[in-house]
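Structure first, commentary second.
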Amino acid sequence: MRKLLISAIAALPLMAMAATPKTVTLDVKNMTCEVCPITVRKSLEKVAGVNAVKVDFAKKTAVVTYDPDKTKPEALTRATTNAGYPSTVEK
């Protein structure tokens, strides 16, 4: 138990240094049916560093929360494009 406690305390500074998650909204093209958002969501969830994805079929957007130390918006747009749904970062 003591070793576990010491390990947890030693890891605290590393957790404090983790980047604050960022959120970006992507404008997604080619979503034409109710199944398309599932494909878009799955393509984004495969990107390392992605924490959460919410795809809105009506608005043709995807809101992605990610760790900026592990990925960048360019990787997110590349993931949707590779899945057949080109996207751009909403400004």
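Residue numbers start at 1 in each chain; chains themselves are named A, B, ... in the order of the structure tokens; ligands are numbered from 1 in the order shown.
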
* To do: Excluding range 32-48 of chain A and any residue of its chain fewer than 3 positions from it, enumerate the residues within 7 Å of it, using only C-alpha atoms, and give them as an NGL selection string.
  => :A and (53 or 55 or 57 or 70-71 or 76 or 79-80 or 83)

* Give the strand (DSSP E or B) residues of chain A, as DSSP finds them on the backbone, and put them as a list in words. => Lys22, Thr23, Val24, Thr25, Leu26, Asp27, Val28, Val50, Asn51, Ala52, Val53, Lys54, Val55, Asp56, Thr61, Ala62, Val63, Val64, Thr65, Tyr66, Ser87, Thr88 and Val89 of chain A

With C-alpha atoms retained, export the selected residues as a PDB file, in the first residue's frame.
```pdb
ATOM      1  CA  LYS A  22      -8.555  21.944 -26.552  1.00  0.00           C
ATOM      2  CA  THR A  23     -11.801  21.860 -28.480  1.00  0.00           C
ATOM      3  CA  VAL A  24     -12.215  22.520 -32.176  1.00  0.00           C
ATOM      4  CA  THR A  25     -15.264  22.508 -34.439  1.00  0.00           C
ATOM      5  CA  LEU A  26     -14.868  20.997 -37.886  1.00  0.00           C
ATOM      6  CA  ASP A  27     -17.105  21.745 -40.859  1.00  0.00           C
ATOM      7  CA  VAL A  28     -17.625  18.323 -42.441  1.00  0.00           C
ATOM      8  CA  VAL A  50      -8.726  12.640 -29.090  1.00  0.00           C
ATOM      9  CA  ASN A  51     -10.769  12.655 -25.881  1.00  0.00           C
ATOM     10  CA  ALA A  52     -14.317  13.270 -27.142  1.00  0.00           C
ATOM     11  CA  VAL A  53     -16.199  13.643 -30.429  1.00  0.00           C
ATOM     12  CA  LYS A  54     -19.729  14.911 -31.058  1.00  0.00           C
ATOM     13  CA  VAL A  55     -20.956  14.915 -34.651  1.00  0.00           C
ATOM     14  CA  ASP A  56     -24.029  16.943 -35.604  1.00  0.00           C
ATOM     15  CA  THR A  61     -20.091  19.668 -37.887  1.00  0.00           C
ATOM     16  CA  ALA A  62     -17.908  17.667 -35.544  1.00  0.00           C
ATOM     17  CA  VAL A  63     -16.829  19.070 -32.181  1.00  0.00           C
ATOM     18  CA  VAL A  64     -13.599  17.408 -31.084  1.00  0.00           C
ATOM     19  CA  THR A  65     -11.845  17.674 -27.725  1.00  0.00           C
ATOM     20  CA  TYR A  66      -8.196  16.656 -27.929  1.00  0.00           C
ATOM     21  CA  SER A  87     -13.378  18.846 -43.269  1.00  0.00           C
ATOM     22  CA  THR A  88     -11.987  22.228 -42.329  1.00  0.00           C
ATOM     23  CA  VAL A  89     -11.558  23.956 -38.996  1.00  0.00           C
TER      24      VAL A  89
END
```

* A:Gly49, A:Lys91, A:Met31, A:Ala58 ranked by distance to Ala75 in chain A, top pick (using only C-alpha atoms) ->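 With only C-alpha atoms as the atom set, the closest residue is A:Gly49.
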
* Provide the CA of Asn82 in chain A to CA of Lys60 in chain A distance in Å, to one decimal place. =>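 CA of Lys60 in chain A lies 16.9 Å from CA of Asn82 in chain A.
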
* To do: Apply DSSP to the backbone of this structure and, from chain A, keep only the residues in helix (DSSP H, G or I); write these as number ranges by chain.
  => A: 2-16, 36-45, 73-82

Written selection (N, CA and C atoms) as a tab-separated table (two decimals), in the first residue's frame:
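Output (result-v7.tsv):
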```tsv
chain	number	residue	atom	x	y	z
A	2	ARG	N	1.93	1.22	0.79
A	2	ARG	CA	2.81	2.38	0.89
A	2	ARG	C	3.49	2.68	-0.45
A	3	LYS	N	3.93	1.62	-1.15
A	3	LYS	CA	4.58	1.80	-2.45
A	3	LYS	C	3.60	2.41	-3.45
A	4	LEU	N	2.36	2.00	-3.39
A	4	LEU	CA	1.34	2.54	-4.27
A	4	LEU	C	1.13	4.03	-4.00
A	5	LEU	N	1.09	4.39	-2.75
A	5	LEU	CA	0.93	5.79	-2.37
A	5	LEU	C	2.12	6.63	-2.83
A	6	ILE	N	3.31	6.12	-2.63
A	6	ILE	CA	4.52	6.83	-3.06
A	6	ILE	C	4.52	6.99	-4.58
A	7	SER	N	4.13	5.95	-5.31
A	7	SER	CA	4.05	6.03	-6.77
A	7	SER	C	3.05	7.09	-7.22
A	8	ALA	N	1.93	7.12	-6.54
A	8	ALA	CA	0.89	8.10	-6.90
A	8	ALA	C	1.37	9.52	-6.64
A	9	ILE	N	2.04	9.73	-5.53
A	9	ILE	CA	2.54	11.06	-5.21
A	9	ILE	C	3.63	11.48	-6.18
A	10	ALA	N	4.48	10.54	-6.57
A	10	ALA	CA	5.56	10.83	-7.52
A	10	ALA	C	5.00	11.20	-8.89
A	11	ALA	N	3.86	10.65	-9.25
A	11	ALA	CA	3.27	10.91	-10.56
A	11	ALA	C	2.52	12.25	-10.63
A	12	LEU	N	2.19	12.83	-9.51
A	12	LEU	CA	1.43	14.09	-9.50
A	12	LEU	C	2.07	15.20	-10.32
A	13	PRO	N	3.37	15.47	-10.20
A	13	PRO	CA	3.94	16.54	-11.03
A	13	PRO	C	3.79	16.27	-12.52
A	14	LEU	N	3.85	15.02	-12.94
A	14	LEU	CA	3.69	14.69	-14.36
A	14	LEU	C	2.28	14.98	-14.82
A	15	MET	N	1.30	14.68	-13.98
A	15	MET	CA	-0.09	14.96	-14.34
A	15	MET	C	-0.35	16.46	-14.42
A	16	ALA	N	0.28	17.21	-13.55
A	16	ALA	CA	0.10	18.66	-13.55
A	16	ALA	C	0.66	19.29	-14.82
A	36	CYS	N	-23.57	8.49	-41.85
A	36	CYS	CA	-22.33	9.24	-42.05
A	36	CYS	C	-21.69	9.74	-40.76
A	37	PRO	N	-22.46	10.31	-39.83
A	37	PRO	CA	-21.84	10.80	-38.59
A	37	PRO	C	-21.11	9.71	-37.80
A	38	ILE	N	-21.59	8.49	-37.91
A	38	ILE	CA	-20.93	7.38	-37.20
A	38	ILE	C	-19.53	7.17	-37.78
A	39	THR	N	-19.43	7.18	-39.09
A	39	THR	CA	-18.13	7.00	-39.74
A	39	THR	C	-17.20	8.15	-39.40
A	40	VAL	N	-17.71	9.37	-39.41
A	40	VAL	CA	-16.90	10.54	-39.07
A	40	VAL	C	-16.41	10.43	-37.63
A	41	ARG	N	-17.30	10.09	-36.72
A	41	ARG	CA	-16.94	9.96	-35.30
A	41	ARG	C	-15.86	8.90	-35.10
A	42	LYS	N	-16.05	7.75	-35.72
A	42	LYS	CA	-15.08	6.66	-35.56
A	42	LYS	C	-13.72	7.05	-36.14
A	43	SER	N	-13.70	7.76	-37.26
A	43	SER	CA	-12.42	8.16	-37.86
A	43	SER	C	-11.67	9.12	-36.93
A	44	LEU	N	-12.40	9.99	-36.25
A	44	LEU	CA	-11.78	10.94	-35.33
A	44	LEU	C	-11.33	10.27	-34.04
A	45	GLU	N	-12.12	9.32	-33.55
A	45	GLU	CA	-11.77	8.63	-32.31
A	45	GLU	C	-10.49	7.80	-32.45
A	73	PRO	N	-5.07	19.98	-35.08
A	73	PRO	CA	-6.26	20.03	-35.93
A	73	PRO	C	-6.02	19.46	-37.33
A	74	GLU	N	-4.81	19.60	-37.86
A	74	GLU	CA	-4.52	19.06	-39.20
A	74	GLU	C	-4.69	17.54	-39.24
A	75	ALA	N	-4.34	16.87	-38.15
A	75	ALA	CA	-4.51	15.41	-38.09
A	75	ALA	C	-5.99	15.05	-38.04
A	76	LEU	N	-6.79	15.89	-37.42
A	76	LEU	CA	-8.23	15.65	-37.34
A	76	LEU	C	-8.88	15.79	-38.71
A	77	THR	N	-8.54	16.87	-39.42
A	77	THR	CA	-9.12	17.06	-40.76
A	77	THR	C	-8.63	15.98	-41.72
A	78	ARG	N	-7.39	15.54	-41.55
A	78	ARG	CA	-6.86	14.46	-42.40
A	78	ARG	C	-7.62	13.16	-42.15
A	79	ALA	N	-7.96	12.89	-40.88
A	79	ALA	CA	-8.69	11.66	-40.54
A	79	ALA	C	-10.07	11.64	-41.19
A	80	THR	N	-10.80	12.75	-41.14
A	80	THR	CA	-12.13	12.76	-41.77
A	80	THR	C	-12.01	12.70	-43.28
A	81	THR	N	-11.03	13.41	-43.83
A	81	THR	CA	-10.83	13.39	-45.29
A	81	THR	C	-10.51	11.98	-45.76
A	82	ASN	N	-9.65	11.29	-45.04
A	82	ASN	CA	-9.29	9.92	-45.41
A	82	ASN	C	-10.48	8.97	-45.32
```
